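Contents: one structure, followed by commentary.
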Amino acid sequence: MSVQVAIWGASISGGFLRSEAEQEKDGSFAYNLRLTQFADALGVDAILFPTRYLGGLGGGDGSDGQLDSLSIVGALAAHTERIHFISAVLPGFVPPVTLAKMGATLDVITSGRWHVNLVSGWFQGEQEMFGVPWMSHSERYRRSEEYLQVVKGLWQHEEFSFRGDYYQIHAGRIRPFPVQKPYPAIFQGGNSEEAQIMAGKLSDWYFMNGAPLDELQRQMNRVREVAALHNRQVRFAVNAFVIARETEREALEEFQYIVERADLTAINKFKNHARGAAGMWSRAAAISDFVANNEGFRTGLVGSYQQVREKIDELHRAGIDMILTAFRHPLDELGPFFEEVMRA
C-alpha cells in the first residue's frame, strides 16, 4: 500500500481508550523510546506526540502527567533513523517565534524528519488554568492563521516582518533555517468550517477525527475547494483505532469487550470539557464514538486482516494519504498489523 501509517506517541499517560478494558497506559520516556524505536524498525512513517497541559481526558486518570511534545522529539531523534516526528502545539502556550526557533532546531537534529501539528485549542479549562485568555472559536482560528503566517515567514525569508491583530514581527531572523524546504510540513486538525478554510489556505495536511467515508469526503471536498482558490494542494489524514485480527469474529468480540466496559465517568467528563469544540465530535452519538480517542472507532478499522486492508484501500482511493493509528497494546499489535495488513 502507498498510504502512510502514523501512530500516536504516548506522551500523555492514561491510554487512548475511555474504557475499563486493559490497555497500555504507560506515558514514560522509557516506554516512548521503546515504542518509537520499534516503530522505526518496523517501517512506520511517523509518530505524532499530542500536547496537553492538563491530563485526565484519555483512558485513565492521567495522574502521571504529560511529556512535552517538542522536547521529547529532541531526545528521541538520536535513537532513530527514518521515522518522522509530528509535534502537536497549542498557539496559546507556544508563541510563533518560539515554535519557529524550536522547530528549525528539531528539523536540524532529525535531519529533516520533524513536522508540526497546530491545534487551535478547544479545552477552555486548561487554558484558563494557566492564564491563557480564552477566545471564541472563530477568533482562535484567526489567531492560528496569523500564527502559521509568522512561522512560515520566519522559516522562508532572510528577514521577515508581519503586522497582525495578534502578532507583530519587526525584521525578524531565524537561523538556522529548517532542513526541509520550503519548510517542515504543517499538519492541522479540526472539523469546523473555520478549520477547513484555514487548512485550504495555509496547512499542508488536514487531520480528521475518525468518521465514515461520506463524512470524510465532505470535509476533503471543502478543503480542496478552498485550496484551489489559493493555488494550493492539501493532503489528508484520518484518525483510526485499529482492531485487526485473524477473523472478523475475533475483532468484533474485542470491540464489544472494550465498549461494554466503557468508562462513563471519563466519557461524561470529556464531553463536558469538549463543549467548545465546534465541529469535532458533532456527529458522535453512540458510546463507542467516545470510547476511542478522537472518534477512532468511527473510521471502521475493526475486522479481519483482509477487511481492514480493504477498508484502508477504500480510504486511500477516496483521497486519504495517511492513517493515524491507535492500538490497545501497540507493541503487540503493530507487528501483525504491518505484516498482515500493510504488507500483504
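Order determines the names: the first chain of the C-alpha cells is A, the second B, and so forth; residues in each chain are numbered 1 upward, and ligands are numbered 1 upward as they are shown.
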
Distance query range 112-117 of chain A at most 8 Å, only C-alpha atoms, self and fewer than 3 positions along chain excluded, as number ranges by chain: A: 82-89, 103, 106-109, 178-180, 184-189

Mind dumping the selected residues with N, CA and C atoms as a short mmCIF file (atom, residue, chain, number, x, y, z; two decimals), in the first residue's frame?
```cif
data_model
loop_
_atom_site.label_atom_id
_atom_site.label_comp_id
_atom_site.auth_asym_id
_atom_site.auth_seq_id
_atom_site.Cartn_x
_atom_site.Cartn_y
_atom_site.Cartn_z
N ARG A 82 14.74 6.70 10.55
CA ARG A 82 13.91 7.11 9.42
C ARG A 82 12.52 7.65 9.78
N ILE A 83 12.00 7.28 10.94
CA ILE A 83 10.64 7.70 11.28
C ILE A 83 10.56 9.22 11.41
N HIS A 84 9.44 9.79 10.96
CA HIS A 84 9.22 11.22 11.09
C HIS A 84 8.47 11.53 12.38
N PHE A 85 8.71 12.72 12.91
CA PHE A 85 8.10 13.15 14.17
C PHE A 85 7.14 14.30 13.92
N ILE A 86 5.96 14.24 14.55
CA ILE A 86 4.98 15.32 14.46
C ILE A 86 4.67 15.77 15.88
N SER A 87 4.92 17.05 16.16
CA SER A 87 4.66 17.61 17.50
C SER A 87 3.41 18.46 17.47
N ALA A 88 2.43 18.12 18.28
CA ALA A 88 1.24 18.97 18.41
C ALA A 88 1.59 20.18 19.26
N VAL A 89 1.08 21.35 18.85
CA VAL A 89 1.40 22.61 19.52
C VAL A 89 0.14 23.44 19.66
N GLY A 103 11.34 24.56 16.19
CA GLY A 103 11.06 23.69 15.07
C GLY A 103 12.23 23.59 14.12
N LEU A 106 14.76 21.37 15.81
CA LEU A 106 14.38 19.96 15.75
C LEU A 106 14.53 19.39 14.35
N ASP A 107 14.27 20.21 13.34
CA ASP A 107 14.42 19.72 11.97
C ASP A 107 15.89 19.47 11.65
N VAL A 108 16.77 20.29 12.20
CA VAL A 108 18.21 20.06 12.03
C VAL A 108 18.63 18.79 12.77
N ILE A 109 18.17 18.65 14.02
CA ILE A 109 18.53 17.48 14.83
C ILE A 109 18.07 16.18 14.16
N PRO A 178 15.17 25.61 8.77
CA PRO A 178 14.90 24.16 8.77
C PRO A 178 15.60 23.48 7.60
N VAL A 179 15.85 22.19 7.74
CA VAL A 179 16.45 21.40 6.67
C VAL A 179 15.46 21.24 5.52
N GLN A 180 14.19 20.97 5.85
CA GLN A 180 13.17 20.74 4.82
C GLN A 180 12.81 22.04 4.11
N PRO A 184 9.19 22.61 7.13
CA PRO A 184 8.60 21.34 7.59
C PRO A 184 7.09 21.34 7.38
N ALA A 185 6.56 20.22 6.94
CA ALA A 185 5.12 20.13 6.66
C ALA A 185 4.30 20.50 7.89
N ILE A 186 3.21 21.22 7.64
CA ILE A 186 2.33 21.67 8.71
C ILE A 186 1.05 20.84 8.67
N PHE A 187 0.80 20.13 9.76
CA PHE A 187 -0.43 19.37 9.94
C PHE A 187 -1.40 20.22 10.75
N GLN A 188 -2.68 20.00 10.53
CA GLN A 188 -3.69 20.76 11.25
C GLN A 188 -4.97 19.95 11.36
N GLY A 189 -5.58 19.97 12.53
CA GLY A 189 -6.83 19.26 12.74
C GLY A 189 -8.01 20.21 12.81
#
```

Please provide the set of residues having any atom within 9 Å of Ser120 in chain A, restricted to only C-alpha atoms, with same-chain residues fewer than 3 positions apart removed, written as a list of chain:residue names. A:Val89, A:Leu90, A:Pro91, A:Gly92, A:His137, A:Arg140, A:Tyr141, A:Arg143, A:Ser144, A:Gln188, A:Gly189, A:Gly190, A:Ala195

The selected residues should be written to file as a compact mmCIF listing (two decimals), in the first residue's frame (atoms: C-alpha atoms).
```
# COMPACT_ATOMS: atom_id res chain seq x y z
CA VAL A 89 1.40 22.61 19.52
CA LEU A 90 -1.15 24.94 21.10
CA PRO A 91 -0.76 28.58 19.93
CA GLY A 92 -1.81 29.99 23.29
CA HIS A 137 -13.93 29.60 18.21
CA ARG A 140 -8.94 31.12 17.84
CA TYR A 141 -8.76 30.25 14.16
CA ARG A 143 -5.09 33.73 15.62
CA SER A 144 -3.94 30.37 14.23
CA GLN A 188 -3.69 20.76 11.25
CA GLY A 189 -6.83 19.26 12.74
CA GLY A 190 -10.34 20.47 13.44
CA ALA A 195 -10.65 24.73 10.30
```

For Arg245 in chain A, which of A:Pro182, A:Gly164, A:Gly303, A:Gly172 is the closest residue, counting only C-alpha atoms? A:Gly303

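Selecting strand (DSSP E or B) from the backbone DSSP output for range 45-167 of chain A yields Ala46, Ile47, Leu48, Phe49, Gln66, His84, Phe85, Ile86, Ser87, Ala88, Val89, Trp114, His115, Val116, Asn117, Leu118, Phe160, Ser161, Phe162 and Arg163 of chain A.
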
Pick out each residue of range 3-241 of chain A that DSSP on the backbone tags as helix (DSSP H, G or I); I need them as a PyMOL selection string. chain A and resi 29-42+71-79+96-109+124-129+137-156+193-202+213-229

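Distance check against Ala104 in chain A using only C-alpha atoms: of A:Trp155, A:Phe207, A:Tyr305, A:Phe241, the minimum falls on A:Trp155.
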
List the spatial neighbours of Ile287 in chain A as a VMD selection string - criterion: any atom at most 9 Å away, only C-alpha atoms, same-chain residues fewer than 5 positions off excluded. chain A and resid 259 262 264 267

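In this comparison, which uses only C-alpha atoms, the residue of A:Ala100, A:Ala41, A:Ala344, A:Val308 approaching Leu70 in chain A most closely is A:Ala100.
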
Give me, as a PyMOL selection string, all polymer residues having an atom no more than 9 Å from range 215-223 of chain A, counting only C-alpha atoms and skipping those fewer than 4 positions away in the same chain. chain A and resi 191-193+195-201+206+208-211+227-228+234-236+238+318-320

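Closest approach to Glu250 in chain A among A:Leu202, A:Glu194, A:Val302, A:Glu159: A:Val302, based on only C-alpha atoms.
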
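Remark: for Gly296 in chain A, the closest of the candidate residues A:Thr98, A:Gln168, A:Asn231, A:Thr325 is A:Thr325 (distances computed over only C-alpha atoms).
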
Skip Ile323 in chain A itself and residues of its chain fewer than 4 positions away, then list as a JSON list (two decimals) with all heavy atoms, in the first residue's frame all residues within 7 Å of it, counting only C-alpha atoms.
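Final output, saved to selection27.json:
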```json
[["chain", "number", "residue", "atom", "x", "y", "z"],
["A", 4, "GLN", "N", 0.32, 6.20, 3.91],
["A", 4, "GLN", "CA", 1.25, 6.28, 5.03],
["A", 4, "GLN", "C", 0.56, 5.87, 6.33],
["A", 4, "GLN", "O", -0.64, 6.05, 6.49],
["A", 4, "GLN", "CB", 1.80, 7.70, 5.16],
["A", 4, "GLN", "CG", 2.66, 8.15, 3.99],
["A", 4, "GLN", "CD", 3.28, 9.50, 4.24],
["A", 4, "GLN", "OE1", 3.76, 9.80, 5.32],
["A", 4, "GLN", "NE2", 3.28, 10.35, 3.20],
["A", 5, "VAL", "N", 1.36, 5.34, 7.24],
["A", 5, "VAL", "CA", 0.86, 4.95, 8.56],
["A", 5, "VAL", "C", 1.60, 5.74, 9.62],
["A", 5, "VAL", "O", 2.83, 5.76, 9.66],
["A", 5, "VAL", "CB", 1.03, 3.45, 8.81],
["A", 5, "VAL", "CG1", 0.64, 3.10, 10.26],
["A", 5, "VAL", "CG2", 0.20, 2.64, 7.83],
["A", 6, "ALA", "N", 0.84, 6.42, 10.47],
["A", 6, "ALA", "CA", 1.40, 7.10, 11.63],
["A", 6, "ALA", "C", 0.81, 6.47, 12.88],
["A", 6, "ALA", "O", -0.25, 5.83, 12.84],
["A", 6, "ALA", "CB", 1.07, 8.60, 11.59],
["A", 237, "ALA", "N", -5.31, 13.17, 6.29],
["A", 237, "ALA", "CA", -5.05, 12.08, 7.23],
["A", 237, "ALA", "C", -6.28, 11.90, 8.10],
["A", 237, "ALA", "O", -7.01, 12.85, 8.39],
["A", 237, "ALA", "CB", -3.83, 12.39, 8.10],
["A", 238, "VAL", "N", -6.51, 10.65, 8.54],
["A", 238, "VAL", "CA", -7.67, 10.38, 9.39],
["A", 238, "VAL", "C", -7.24, 9.52, 10.57],
["A", 238, "VAL", "O", -6.36, 8.66, 10.46],
["A", 238, "VAL", "CB", -8.80, 9.68, 8.60],
["A", 238, "VAL", "CG1", -8.39, 8.30, 8.11],
["A", 238, "VAL", "CG2", -10.08, 9.60, 9.43],
["A", 239, "ASN", "N", -7.86, 9.78, 11.70],
["A", 239, "ASN", "CA", -7.59, 9.02, 12.91],
["A", 239, "ASN", "C", -8.39, 7.71, 12.90],
["A", 239, "ASN", "O", -9.53, 7.67, 12.44],
["A", 239, "ASN", "CB", -8.00, 9.86, 14.13],
["A", 239, "ASN", "CG", -7.71, 9.15, 15.44],
["A", 239, "ASN", "OD1", -6.57, 8.88, 15.77],
["A", 239, "ASN", "ND2", -8.76, 8.84, 16.20],
["A", 240, "ALA", "N", -7.79, 6.64, 13.41],
["A", 240, "ALA", "CA", -8.50, 5.36, 13.47],
["A", 240, "ALA", "C", -7.95, 4.51, 14.60],
["A", 240, "ALA", "O", -6.72, 4.36, 14.73],
["A", 240, "ALA", "CB", -8.35, 4.60, 12.15]]
```

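Distances to Ser13 in chain A were evaluated for A:Lys311, A:His329, A:Arg52, A:Arg224 using only C-alpha atoms, and the minimum falls at A:Arg52.
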